[in-house]
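For reference, query-v4.tsv is printed below; it contains TSV, C-alpha atoms.
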chain	number	residue	atom	x	y	z
W	1	MET	CA	30.36	10.53	3.16
W	2	ASN	CA	28.97	7.14	2.15
W	3	GLU	CA	26.22	6.19	-0.21
W	4	HIS	CA	23.67	3.48	0.33
W	5	LEU	CA	21.56	1.74	-2.29
W	6	ASP	CA	18.12	0.21	-1.77
W	7	ILE	CA	15.98	-1.66	-4.26
W	8	GLY	CA	12.28	-2.40	-4.52
W	9	ILE	CA	10.42	-4.60	-6.97
W	10	ASP	CA	6.76	-5.36	-7.65
W	11	ILE	CA	4.70	-7.42	-10.07
W	12	VAL	CA	1.02	-6.87	-10.94
W	13	PRO	CA	-1.26	-9.17	-12.96
W	14	ILE	CA	-2.92	-7.03	-15.66
W	15	SER	CA	-6.21	-8.86	-15.04
W	16	LYS	CA	-6.40	-7.44	-11.48
W	17	ILE	CA	-6.18	-3.89	-12.81
W	18	GLU	CA	-8.78	-4.62	-15.52
W	19	ASP	CA	-11.10	-6.04	-12.88
W	20	LEU	CA	-10.71	-3.02	-10.59
W	21	PHE	CA	-11.33	-0.58	-13.45
W	22	SER	CA	-14.44	-2.40	-14.58
W	23	LYS	CA	-16.02	-2.59	-11.11
W	24	TYR	CA	-14.78	0.43	-9.15
W	25	LYS	CA	-14.53	3.76	-10.93
W	26	ASP	CA	-12.88	5.55	-7.96
W	27	PHE	CA	-9.84	3.29	-8.25
W	28	LEU	CA	-8.52	5.43	-11.10
W	29	THR	CA	-8.46	8.74	-9.24
W	30	GLU	CA	-7.45	7.24	-5.88
W	31	VAL	CA	-4.29	5.72	-7.35
W	32	TYR	CA	-3.24	7.74	-10.42
W	33	THR	CA	-2.39	11.41	-11.00
W	34	LYS	CA	-4.05	13.42	-13.77
W	35	LYS	CA	-0.87	13.27	-15.85
W	36	GLU	CA	-0.62	9.48	-15.44
W	37	ILE	CA	-4.26	9.07	-16.43
W	38	ALA	CA	-3.76	11.27	-19.51
W	39	TYR	CA	-0.61	9.37	-20.52
W	40	CYS	CA	-1.96	5.84	-20.01
W	41	SER	CA	-5.41	6.53	-21.46
W	42	GLY	CA	-3.81	7.57	-24.75
W	43	LYS	CA	-1.95	4.27	-25.11
W	44	LYS	CA	-3.12	1.26	-27.09
W	45	ASN	CA	-2.86	-1.25	-24.24
W	46	SER	CA	-3.80	1.27	-21.57
W	47	ASN	CA	-4.37	-1.31	-18.82
W	48	GLN	CA	-0.80	-2.55	-19.19
W	49	HIS	CA	0.44	1.02	-18.75
W	50	PHE	CA	-1.77	1.57	-15.71
W	51	ALA	CA	-0.69	-1.78	-14.22
W	52	VAL	CA	3.01	-1.10	-14.64
W	53	ARG	CA	2.58	2.28	-12.97
W	54	PHE	CA	0.93	0.63	-9.98
W	55	ALA	CA	3.85	-1.80	-9.80
W	56	ALA	CA	6.25	1.14	-10.05
W	57	LYS	CA	4.57	3.06	-7.21
W	58	GLU	CA	4.86	-0.04	-5.02
W	59	ALA	CA	8.47	-0.62	-6.07
W	60	VAL	CA	9.40	2.99	-5.19
W	61	LEU	CA	7.66	2.79	-1.81
W	62	LYS	CA	9.41	-0.53	-1.09
W	63	ALA	CA	12.79	0.92	-2.03
W	64	LEU	CA	12.14	3.91	0.22
W	65	GLY	CA	11.20	1.45	2.97
W	66	SER	CA	8.08	3.46	3.63
W	67	GLY	CA	5.15	1.46	2.27
W	68	LEU	CA	1.98	3.47	2.42
W	69	GLY	CA	2.89	5.41	5.54
W	70	LYS	CA	0.87	7.83	7.57
W	71	GLY	CA	-0.50	10.52	5.32
W	72	ILE	CA	0.86	8.91	2.17
W	73	GLU	CA	-1.33	8.81	-0.91
W	74	TRP	CA	-0.81	6.63	-3.99
W	75	THR	CA	-0.72	9.85	-6.02
W	76	ASP	CA	2.35	11.03	-4.06
W	77	VAL	CA	4.42	8.83	-6.41
W	78	GLU	CA	4.00	9.71	-10.07
W	79	ILE	CA	5.56	7.77	-12.92
W	80	LEU	CA	5.81	9.62	-16.21
W	81	SER	CA	7.75	8.91	-19.36
W	82	THR	CA	10.07	11.29	-21.15
W	83	ASN	CA	9.72	11.83	-24.91
W	84	SER	CA	12.29	9.10	-25.46
W	85	GLY	CA	10.11	6.71	-23.45
W	86	LYS	CA	12.38	6.55	-20.39
W	87	PRO	CA	10.28	6.46	-17.20
W	88	ARG	CA	10.90	9.02	-14.47
W	89	VAL	CA	9.74	9.18	-10.87
W	90	TYR	CA	8.23	12.35	-9.40
W	91	LEU	CA	7.46	12.62	-5.70
W	92	TYR	CA	4.89	14.81	-3.99
W	93	GLY	CA	3.41	15.43	-0.55
W	94	LYS	CA	4.38	13.12	2.27
W	95	VAL	CA	6.56	10.82	0.15
W	96	LYS	CA	8.64	13.78	-1.00
W	97	GLU	CA	9.03	14.81	2.64
W	98	ILE	CA	10.14	11.28	3.64
W	99	ALA	CA	12.60	11.07	0.74
W	100	HIS	CA	14.10	14.40	1.80
W	101	LYS	CA	14.41	13.30	5.44
W	102	ARG	CA	16.05	10.02	4.42
W	103	LYS	CA	18.50	11.95	2.23
W	104	ILE	CA	17.41	10.29	-1.00
W	105	GLU	CA	19.47	11.66	-3.87
W	106	GLU	CA	18.22	9.68	-6.83
W	107	ILE	CA	15.50	7.22	-7.77
W	108	ALA	CA	15.88	5.11	-10.90
W	109	ILE	CA	13.00	3.03	-12.22
W	110	SER	CA	12.68	0.30	-14.83
W	111	LEU	CA	9.35	-0.94	-16.18
W	112	SER	CA	8.27	-3.92	-18.25
W	113	HIS	CA	4.91	-5.39	-19.21
W	114	CYS	CA	3.34	-8.03	-21.40
W	115	GLU	CA	-0.23	-9.27	-21.89
W	116	ALA	CA	-0.44	-10.92	-18.49
W	117	TYR	CA	1.93	-9.12	-16.11
W	118	ALA	CA	3.56	-5.80	-15.37
W	119	VAL	CA	6.78	-5.48	-13.36
W	120	ALA	CA	8.75	-2.55	-12.04
W	121	GLN	CA	12.03	-2.23	-10.20
W	122	ALA	CA	13.19	0.87	-8.35
W	123	LEU	CA	16.70	1.71	-7.21
W	124	VAL	CA	17.19	4.38	-4.59
W	125	ARG	CA	20.48	6.12	-3.79
W	126	ARG	CA	20.74	7.52	-0.29
W	127	ARG	CA	23.44	9.66	1.29
W	128	GLN	CA	24.84	8.39	4.58
W	129	GLU	CA	26.97	10.75	6.67
G	1	MET	CA	-24.37	-2.14	11.60
G	2	ASP	CA	-22.94	-4.52	14.23
G	3	LYS	CA	-19.58	-6.27	14.08
G	4	GLU	CA	-21.11	-9.63	13.23
G	5	LYS	CA	-22.77	-8.20	10.12
G	6	ILE	CA	-19.61	-6.34	9.18
G	7	PHE	CA	-17.57	-9.54	9.55
G	8	GLU	CA	-20.04	-11.32	7.25
G	9	ALA	CA	-19.65	-8.52	4.68
G	10	VAL	CA	-15.85	-8.77	4.88
G	11	LYS	CA	-16.03	-12.54	4.52
G	12	GLU	CA	-18.40	-12.27	1.55
G	13	SER	CA	-16.04	-9.86	-0.21
G	14	LEU	CA	-12.96	-11.96	0.53
G	15	VAL	CA	-14.60	-15.14	-0.76
G	16	GLY	CA	-16.63	-13.69	-3.63
G	17	GLU	CA	-14.33	-10.96	-4.89
G	18	LEU	CA	-10.88	-12.23	-4.01
G	19	GLY	CA	-11.32	-15.98	-4.20
G	20	ILE	CA	-10.25	-16.71	-0.62
G	21	GLU	CA	-11.39	-20.07	0.79
G	22	GLU	CA	-14.18	-19.46	3.30
G	23	ASP	CA	-12.67	-21.56	6.09
G	24	LYS	CA	-9.51	-19.45	6.02
G	25	VAL	CA	-11.42	-16.29	6.93
G	26	SER	CA	-11.46	-15.59	10.67
G	27	MET	CA	-11.23	-12.48	12.82
G	28	ALA	CA	-7.61	-13.34	13.65
G	29	ALA	CA	-6.54	-13.88	10.02
G	30	SER	CA	-3.83	-11.52	8.78
G	31	PHE	CA	-4.60	-10.18	5.31
G	32	HIS	CA	-1.04	-10.63	4.16
G	33	SER	CA	0.38	-13.66	5.98
G	34	ASP	CA	-2.77	-15.80	6.29
G	35	LEU	CA	-4.86	-14.73	3.31
G	36	GLY	CA	-2.04	-13.84	0.90
G	37	LEU	CA	-3.45	-10.41	-0.02
G	38	GLU	CA	-1.26	-7.75	-1.62
G	39	SER	CA	-2.02	-4.03	-1.49
G	40	LEU	CA	-3.90	-4.14	-4.80
G	41	ASP	CA	-6.16	-6.87	-3.33
G	42	LEU	CA	-6.76	-4.77	-0.22
G	43	LEU	CA	-7.78	-1.83	-2.42
G	44	LYS	CA	-10.27	-4.10	-4.15
G	45	LEU	CA	-11.55	-5.35	-0.80
G	46	PHE	CA	-12.09	-1.79	0.43
G	47	PHE	CA	-13.97	-0.80	-2.74
G	48	SER	CA	-16.09	-3.94	-2.51
G	49	LEU	CA	-16.91	-3.22	1.15
G	50	GLU	CA	-17.83	0.35	0.30
G	51	LYS	CA	-20.38	-0.99	-2.15
G	52	LYS	CA	-21.81	-3.37	0.45
G	53	THR	CA	-21.69	-1.23	3.60
G	54	LYS	CA	-21.52	2.35	2.19
G	55	ILE	CA	-18.48	2.85	4.45
G	56	ARG	CA	-15.28	3.96	2.79
G	57	ILE	CA	-11.91	2.80	4.12
G	58	THR	CA	-8.63	3.85	2.54
G	59	MET	CA	-5.12	2.43	2.83
G	60	LYS	CA	-4.12	5.77	4.33
G	61	GLU	CA	-6.61	5.25	7.17
G	62	VAL	CA	-5.19	1.79	7.84
G	63	GLN	CA	-1.71	3.23	8.21
G	64	ASP	CA	-3.00	6.11	10.35
G	65	LEU	CA	-4.63	3.56	12.64
G	66	LEU	CA	-1.45	1.51	12.97
G	67	GLN	CA	0.63	4.61	13.72
G	68	GLY	CA	-1.83	6.01	16.26
G	69	ASN	CA	-1.18	9.49	17.62
G	70	LEU	CA	2.57	9.24	17.19
G	71	SER	CA	4.22	11.54	14.67
G	72	GLU	CA	6.37	10.24	11.80
G	73	GLU	CA	9.53	11.15	13.78
G	74	GLU	CA	8.28	9.41	16.92
G	75	PHE	CA	7.18	6.28	15.07
G	76	PHE	CA	10.05	5.75	12.62
G	77	ASP	CA	13.78	6.25	12.96
G	78	GLU	CA	15.89	7.77	10.17
G	79	ASN	CA	16.23	4.35	8.50
G	80	GLY	CA	12.46	3.84	8.37
G	81	LEU	CA	12.39	1.28	11.19
G	82	VAL	CA	9.76	1.42	13.93
G	83	THR	CA	11.15	3.02	17.11
G	84	GLN	CA	10.73	1.68	20.66
G	85	ALA	CA	7.90	4.18	21.20
G	86	GLY	CA	6.26	2.94	18.00
G	87	LEU	CA	6.63	-0.69	19.06
G	88	GLY	CA	5.08	0.18	22.45
G	89	HIS	CA	2.02	1.66	20.73
G	90	LEU	CA	1.73	-1.27	18.33
G	91	GLN	CA	2.02	-3.88	21.06
G	92	LYS	CA	-1.03	-2.38	22.81
G	93	PHE	CA	-2.89	-2.20	19.53
G	94	LEU	CA	-1.86	-5.68	18.36
G	95	PRO	CA	-1.87	-7.82	21.52
G	96	GLU	CA	-2.04	-11.03	19.48
G	97	HIS	CA	1.44	-10.40	18.05
G	98	ASN	CA	4.73	-10.68	19.92
G	99	LEU	CA	6.49	-7.64	18.51
G	100	ALA	CA	9.62	-8.30	20.57
G	101	GLU	CA	10.53	-10.93	17.99
G	102	PHE	CA	11.10	-8.20	15.40
G	103	ASP	CA	13.96	-6.94	17.59
G	104	GLY	CA	13.99	-3.37	16.24
G	105	GLU	CA	13.82	-4.54	12.62
G	106	LEU	CA	10.18	-3.78	11.87
G	107	ASP	CA	9.79	-1.53	8.85
G	108	GLN	CA	6.62	-0.14	7.35
G	109	LEU	CA	6.16	-2.96	4.88
G	110	GLU	CA	6.30	-5.61	7.61
G	111	LEU	CA	4.01	-3.45	9.69
G	112	PHE	CA	1.36	-3.78	7.04
G	113	THR	CA	1.53	-7.60	7.32
G	114	LEU	CA	0.20	-7.38	10.89
G	115	PHE	CA	-3.17	-5.97	9.81
G	116	THR	CA	-5.95	-8.50	10.48
G	117	VAL	CA	-9.64	-9.01	9.70
G	118	ARG	CA	-10.43	-7.98	13.30
G	119	HIS	CA	-8.75	-4.58	12.78
G	120	LEU	CA	-10.75	-3.96	9.63
G	121	VAL	CA	-14.02	-5.02	11.25
G	122	ASN	CA	-13.32	-2.69	14.20
G	123	MET	CA	-12.46	0.19	11.84
G	124	LEU	CA	-15.68	-0.29	9.88
G	125	ALA	CA	-17.75	-0.59	13.06
G	126	GLU	CA	-16.24	2.60	14.43
G	127	LYS	CA	-16.92	4.47	11.19
G	128	ALA	CA	-20.47	3.10	11.05
G	129	SER	CA	-21.22	4.43	14.53
G	130	SER	CA	-19.71	7.88	13.99

Final structure tokens representation of the file:
Amino acid sequence: MNEHLDIGIDIVPISKIEDLFSKYKDFLTEVYTKKEIAYCSGKKNSNQHFAVRFAAKEAVLKALGSGLGKGIEWTDVEILSTNSGKPRVYLYGKVKEIAHKRKIEEIAISLSHCEAYAVAQALVRRRQE
Amino acid sequence: MDKEKIFEAVKESLVGELGIEEDKVSMAASFHSDLGLESLDLLKLFFSLEKKTKIRITMKEVQDLLQGNLSEEEFFDENGLVTQAGLGHLQKFLPEHNLAEFDGELDQLELFTLFTVRHLVNMLAEKASS
């Protein structure tokens, strides 16, 4: 049995997220889960936390090679942080199904953000028989 | 709402909301390759168009359109690449592209780069008439 690694990376300007929030209220619920909204809203620089989660969703989808496939919702990829602050990826719906079919065993994610940009990198470990 | 008016609305959003140069916007322009839009920009475009036209388009609908009636298994192989059946469907849907040049290496992310202004205008027109 072999293992295969895939990576995905994404960068988001914080200003784009701020702009979307200020003009289009539905953006929040179309893209983020309730838990993500609760987590980010409680943070001091909430837009940075929202932006880095968008980057992380993209990075995970890139690493899975799936993009926003048929039936996939942005909320199918959820990025939450443990008490120690380490981010973790949770999959739902169609993305979970795809990950299962592609024999994904583990997804690791790393996030970083500053005033201007948010970046995320995802690493996916897949079993190859 | 006819296609000409919808195209004008799309152009207005691209220029006004996303800072795209007006002369770059044509029906044949690809959102990714020609206009440099990322998925976050497309989300903004769709929200902006909803405000203007009252028609809501989601990224999910774009992908559904590209995949047609084929199931996930019929459209993608186990490595996430578009199958021959998938390429056959896409070639009919995207006659302006020569998909043979992807030589079985088209994944979902590249698929997204093929989406053009014409496809969006047609989607909006179809939704407006239904």

Test item: residues at most 12 Å from Asn69 (chain G), only C-alpha atoms, excluding those fewer than 2 positions along its chain, as a PDB file with C-alpha atoms, in the frame of the given file:
ATOM      1  CA  LYS W  70       0.870   7.830   7.570  1.00  0.00           C
TER       2      LYS W  70
ATOM      3  CA  GLN G  63      -1.710   3.230   8.210  1.00  0.00           C
ATOM      4  CA  ASP G  64      -3.000   6.110  10.350  1.00  0.00           C
ATOM      5  CA  LEU G  65      -4.630   3.560  12.640  1.00  0.00           C
ATOM      6  CA  LEU G  66      -1.450   1.510  12.970  1.00  0.00           C
ATOM      7  CA  GLN G  67       0.630   4.610  13.720  1.00  0.00           C
ATOM      8  CA  SER G  71       4.220  11.540  14.670  1.00  0.00           C
ATOM      9  CA  GLU G  72       6.370  10.240  11.800  1.00  0.00           C
ATOM     10  CA  GLU G  73       9.530  11.150  13.780  1.00  0.00           C
ATOM     11  CA  GLU G  74       8.280   9.410  16.920  1.00  0.00           C
ATOM     12  CA  PHE G  75       7.180   6.280  15.070  1.00  0.00           C
ATOM     13  CA  ALA G  85       7.900   4.180  21.200  1.00  0.00           C
ATOM     14  CA  GLY G  86       6.260   2.940  18.000  1.00  0.00           C
ATOM     15  CA  HIS G  89       2.020   1.660  20.730  1.00  0.00           C
ATOM     16  CA  LEU G  90       1.730  -1.270  18.330  1.00  0.00           C
ATOM     17  CA  PHE G  93      -2.890  -2.200  19.530  1.00  0.00           C
TER      18      PHE G  93
END

Computed interatomic separation between CA of Asn2 (chain W) and CA of Leu87 (chain G) (Å):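 Separation between CA of Asn2 (chain W) and CA of Leu87 (chain G): 29.1 Å.
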
Excluding Glu38 (chain G) and residues on its chain fewer than 5 positions from it, collect all residues at most 12 Å away from it, counting only C-alpha atoms, and give them as number ranges by chain. W: 10-13, 16, 55, 58, 67; G: 18, 30-33, 43-45, 59, 109, 112-113, 115

Provide the CA of Thr116 (chain G) to CA of Lys11 (chain G) distance in Å, to one decimal place.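 Atom-to-atom, CA of Thr116 (chain G) and CA of Lys11 (chain G) are spaced 12.4 Å apart.
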
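The residue that comes closest to chain W, out of G:His97, G:Lys92, G:Lys60, G:Arg118 and on the basis of only C-alpha atoms, is G:Lys60.
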
Please identify all polymer residues within 12 Å of Leu61 (chain W), counting all atoms listed in the file, omitting same-chain residues fewer than 3 positions from it, and present them as a PyMOL selection string. (chain W and resi 6-10+54-58+64-69+72-78+89+91+94-96+98-99+107+109+120-124) or (chain G and resi 39+80+107-109)

Around the point (-15.0, 1.8, 10.5), in the coordinates given by the file, pick out the residues reaching within 10 Å, counting all atoms listed in the file, and return them as a PyMOL selection string. chain G and resi 3+6+55-57+61+119-130

Point-to-point distance from CA of Ser112 (chain W) to CA of Glu110 (chain G), Å rounded to tenths: 26.0 Å

Need to verify the contact set: Leu20 (chain W), 12 Å, all atoms listed in the file, exclusion of same-chain residues closer than 4 positions in sequence. Can you return it as a ChimeraX atom specification? /W:13-16,24-28,30-31,47,50-51 /G:17-18,40-48

Best match for closeness to chain G among W:Ile104, W:Ile37, W:Leu80, W:Ala116, counting all atoms listed in the file: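 Selected residue with least distance to chain G: W:Ile104.
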
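Within 10 Å of Glu129 (chain W), once all atoms listed in the file are used and residues closer than 3 positions along the same chain are dropped, the contacting residues are W:Met1, W:Asn2, W:Glu3, W:Lys103, W:Arg126.
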
Among the residues W:Ser81, W:His49, W:Lys35, W:Ala63, the one that comes closest to chain G [using only C-alpha atoms]: W:Ala63

Of the listed residues G:Asn79, G:Ser13, G:Ser26, G:Thr53, that which approaches chain W most closely, counting all atoms listed in the file: G:Asn79

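Nearest residue to Gly85 (chain W) among W:Phe21, W:Glu97, W:Tyr39, W:Lys34 is W:Tyr39, counting all atoms listed in the file.
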
Using all atoms listed in the file, can you tell me which of W:Gln128, W:His113, W:Lys43, W:Glu105 comes closest to chain G?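 Closest to chain G, using all atoms listed in the file: W:Gln128.
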
Produce the centre coordinates and the three edge lengths, each in Å to one decimal, of the box along x, y and z that contains all listed atoms of region 95-109 of chain W with 8 Å added on each side, as AutoDock Vina command-line options.
--center_x 13.0 --center_y 8.9 --center_z -3.4 --size_x 28.9 --size_y 27.8 --size_z 33.7

Is there a way to complete region 37-67 of chain G with N, CA and C atoms and then write that out as a PDB file, in the frame of the given file?
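The resulting file, part_14.pdb, is shown below:
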ATOM      1  N   LEU G  37      -3.017 -11.608   0.713  1.00  0.00           N
ATOM      2  CA  LEU G  37      -3.450 -10.410  -0.020  1.00  0.00           C
ATOM      3  C   LEU G  37      -2.303  -9.405  -0.176  1.00  0.00           C
ATOM      4  N   GLU G  38      -2.207  -8.842  -1.358  1.00  0.00           N
ATOM      5  CA  GLU G  38      -1.260  -7.750  -1.620  1.00  0.00           C
ATOM      6  C   GLU G  38      -2.047  -6.448  -1.539  1.00  0.00           C
ATOM      7  N   SER G  39      -1.326  -5.317  -1.667  1.00  0.00           N
ATOM      8  CA  SER G  39      -2.020  -4.030  -1.490  1.00  0.00           C
ATOM      9  C   SER G  39      -3.116  -3.806  -2.546  1.00  0.00           C
ATOM     10  N   LEU G  40      -2.877  -4.297  -3.757  1.00  0.00           N
ATOM     11  CA  LEU G  40      -3.900  -4.140  -4.800  1.00  0.00           C
ATOM     12  C   LEU G  40      -5.178  -4.914  -4.420  1.00  0.00           C
ATOM     13  N   ASP G  41      -4.998  -6.083  -3.785  1.00  0.00           N
ATOM     14  CA  ASP G  41      -6.160  -6.870  -3.330  1.00  0.00           C
ATOM     15  C   ASP G  41      -6.900  -6.139  -2.207  1.00  0.00           C
ATOM     16  N   LEU G  42      -6.116  -5.508  -1.326  1.00  0.00           N
ATOM     17  CA  LEU G  42      -6.760  -4.770  -0.220  1.00  0.00           C
ATOM     18  C   LEU G  42      -7.579  -3.591  -0.771  1.00  0.00           C
ATOM     19  N   LEU G  43      -7.033  -2.929  -1.790  1.00  0.00           N
ATOM     20  CA  LEU G  43      -7.780  -1.830  -2.420  1.00  0.00           C
ATOM     21  C   LEU G  43      -9.113  -2.349  -2.946  1.00  0.00           C
ATOM     22  N   LYS G  44      -9.053  -3.510  -3.601  1.00  0.00           N
ATOM     23  CA  LYS G  44     -10.270  -4.100  -4.150  1.00  0.00           C
ATOM     24  C   LYS G  44     -11.248  -4.452  -3.029  1.00  0.00           C
ATOM     25  N   LEU G  45     -10.710  -5.000  -1.947  1.00  0.00           N
ATOM     26  CA  LEU G  45     -11.550  -5.350  -0.800  1.00  0.00           C
ATOM     27  C   LEU G  45     -12.258  -4.105  -0.257  1.00  0.00           C
ATOM     28  N   PHE G  46     -11.505  -3.011  -0.119  1.00  0.00           N
ATOM     29  CA  PHE G  46     -12.090  -1.790   0.430  1.00  0.00           C
ATOM     30  C   PHE G  46     -13.180  -1.223  -0.493  1.00  0.00           C
ATOM     31  N   PHE G  47     -12.940  -1.271  -1.798  1.00  0.00           N
ATOM     32  CA  PHE G  47     -13.970  -0.800  -2.740  1.00  0.00           C
ATOM     33  C   PHE G  47     -15.210  -1.688  -2.676  1.00  0.00           C
ATOM     34  N   SER G  48     -14.972  -2.995  -2.577  1.00  0.00           N
ATOM     35  CA  SER G  48     -16.090  -3.940  -2.510  1.00  0.00           C
ATOM     36  C   SER G  48     -16.913  -3.712  -1.233  1.00  0.00           C
ATOM     37  N   LEU G  49     -16.208  -3.468  -0.119  1.00  0.00           N
ATOM     38  CA  LEU G  49     -16.910  -3.220   1.150  1.00  0.00           C
ATOM     39  C   LEU G  49     -17.675  -1.908   1.121  1.00  0.00           C
ATOM     40  N   GLU G  50     -17.128  -0.939   0.407  1.00  0.00           N
ATOM     41  CA  GLU G  50     -17.830   0.350   0.300  1.00  0.00           C
ATOM     42  C   GLU G  50     -19.171   0.152  -0.405  1.00  0.00           C
ATOM     43  N   LYS G  51     -19.149  -0.705  -1.424  1.00  0.00           N
ATOM     44  CA  LYS G  51     -20.380  -0.990  -2.150  1.00  0.00           C
ATOM     45  C   LYS G  51     -21.407  -1.664  -1.241  1.00  0.00           C
ATOM     46  N   LYS G  52     -20.909  -2.599  -0.415  1.00  0.00           N
ATOM     47  CA  LYS G  52     -21.810  -3.370   0.450  1.00  0.00           C
ATOM     48  C   LYS G  52     -22.293  -2.585   1.669  1.00  0.00           C
ATOM     49  N   THR G  53     -21.368  -1.840   2.301  1.00  0.00           N
ATOM     50  CA  THR G  53     -21.690  -1.230   3.600  1.00  0.00           C
ATOM     51  C   THR G  53     -21.881   0.290   3.519  1.00  0.00           C
ATOM     52  N   LYS G  54     -21.495   0.877   2.368  1.00  0.00           N
ATOM     53  CA  LYS G  54     -21.520   2.350   2.190  1.00  0.00           C
ATOM     54  C   LYS G  54     -20.490   3.037   3.079  1.00  0.00           C
ATOM     55  N   ILE G  55     -19.543   2.253   3.620  1.00  0.00           N
ATOM     56  CA  ILE G  55     -18.480   2.850   4.450  1.00  0.00           C
ATOM     57  C   ILE G  55     -17.177   2.763   3.669  1.00  0.00           C
ATOM     58  N   ARG G  56     -16.515   3.918   3.568  1.00  0.00           N
ATOM     59  CA  ARG G  56     -15.280   3.960   2.790  1.00  0.00           C
ATOM     60  C   ARG G  56     -14.058   3.892   3.703  1.00  0.00           C
ATOM     61  N   ILE G  57     -13.178   2.928   3.386  1.00  0.00           N
ATOM     62  CA  ILE G  57     -11.910   2.800   4.120  1.00  0.00           C
ATOM     63  C   ILE G  57     -10.792   2.967   3.102  1.00  0.00           C
ATOM     64  N   THR G  58      -9.768   3.703   3.466  1.00  0.00           N
ATOM     65  CA  THR G  58      -8.630   3.850   2.540  1.00  0.00           C
ATOM     66  C   THR G  58      -7.378   3.253   3.173  1.00  0.00           C
ATOM     67  N   MET G  59      -6.395   2.960   2.327  1.00  0.00           N
ATOM     68  CA  MET G  59      -5.120   2.430   2.830  1.00  0.00           C
ATOM     69  C   MET G  59      -4.474   3.428   3.793  1.00  0.00           C
ATOM     70  N   LYS G  60      -4.675   4.710   3.495  1.00  0.00           N
ATOM     71  CA  LYS G  60      -4.120   5.770   4.330  1.00  0.00           C
ATOM     72  C   LYS G  60      -4.676   5.662   5.756  1.00  0.00           C
ATOM     73  N   GLU G  61      -5.988   5.375   5.841  1.00  0.00           N
ATOM     74  CA  GLU G  61      -6.610   5.250   7.170  1.00  0.00           C
ATOM     75  C   GLU G  61      -6.065   4.054   7.939  1.00  0.00           C
ATOM     76  N   VAL G  62      -5.758   2.973   7.195  1.00  0.00           N
ATOM     77  CA  VAL G  62      -5.190   1.790   7.840  1.00  0.00           C
ATOM     78  C   VAL G  62      -3.849   2.138   8.473  1.00  0.00           C
ATOM     79  N   GLN G  63      -3.032   2.845   7.695  1.00  0.00           N
ATOM     80  CA  GLN G  63      -1.710   3.230   8.210  1.00  0.00           C
ATOM     81  C   GLN G  63      -1.841   4.211   9.366  1.00  0.00           C
ATOM     82  N   ASP G  64      -2.786   5.140   9.264  1.00  0.00           N
ATOM     83  CA  ASP G  64      -3.000   6.110  10.350  1.00  0.00           C
ATOM     84  C   ASP G  64      -3.356   5.373  11.640  1.00  0.00           C
ATOM     85  N   LEU G  65      -4.194   4.337  11.477  1.00  0.00           N
ATOM     86  CA  LEU G  65      -4.630   3.560  12.640  1.00  0.00           C
ATOM     87  C   LEU G  65      -3.435   2.840  13.286  1.00  0.00           C
ATOM     88  N   LEU G  66      -2.598   2.239  12.441  1.00  0.00           N
ATOM     89  CA  LEU G  66      -1.450   1.510  12.970  1.00  0.00           C
ATOM     90  C   LEU G  66      -0.463   2.443  13.672  1.00  0.00           C
ATOM     91  N   GLN G  67      -0.339   3.656  13.152  1.00  0.00           N
ATOM     92  CA  GLN G  67       0.630   4.610  13.720  1.00  0.00           C
ATOM     93  C   GLN G  67       0.094   5.368  14.932  1.00  0.00           C
TER      94      GLN G  67
END
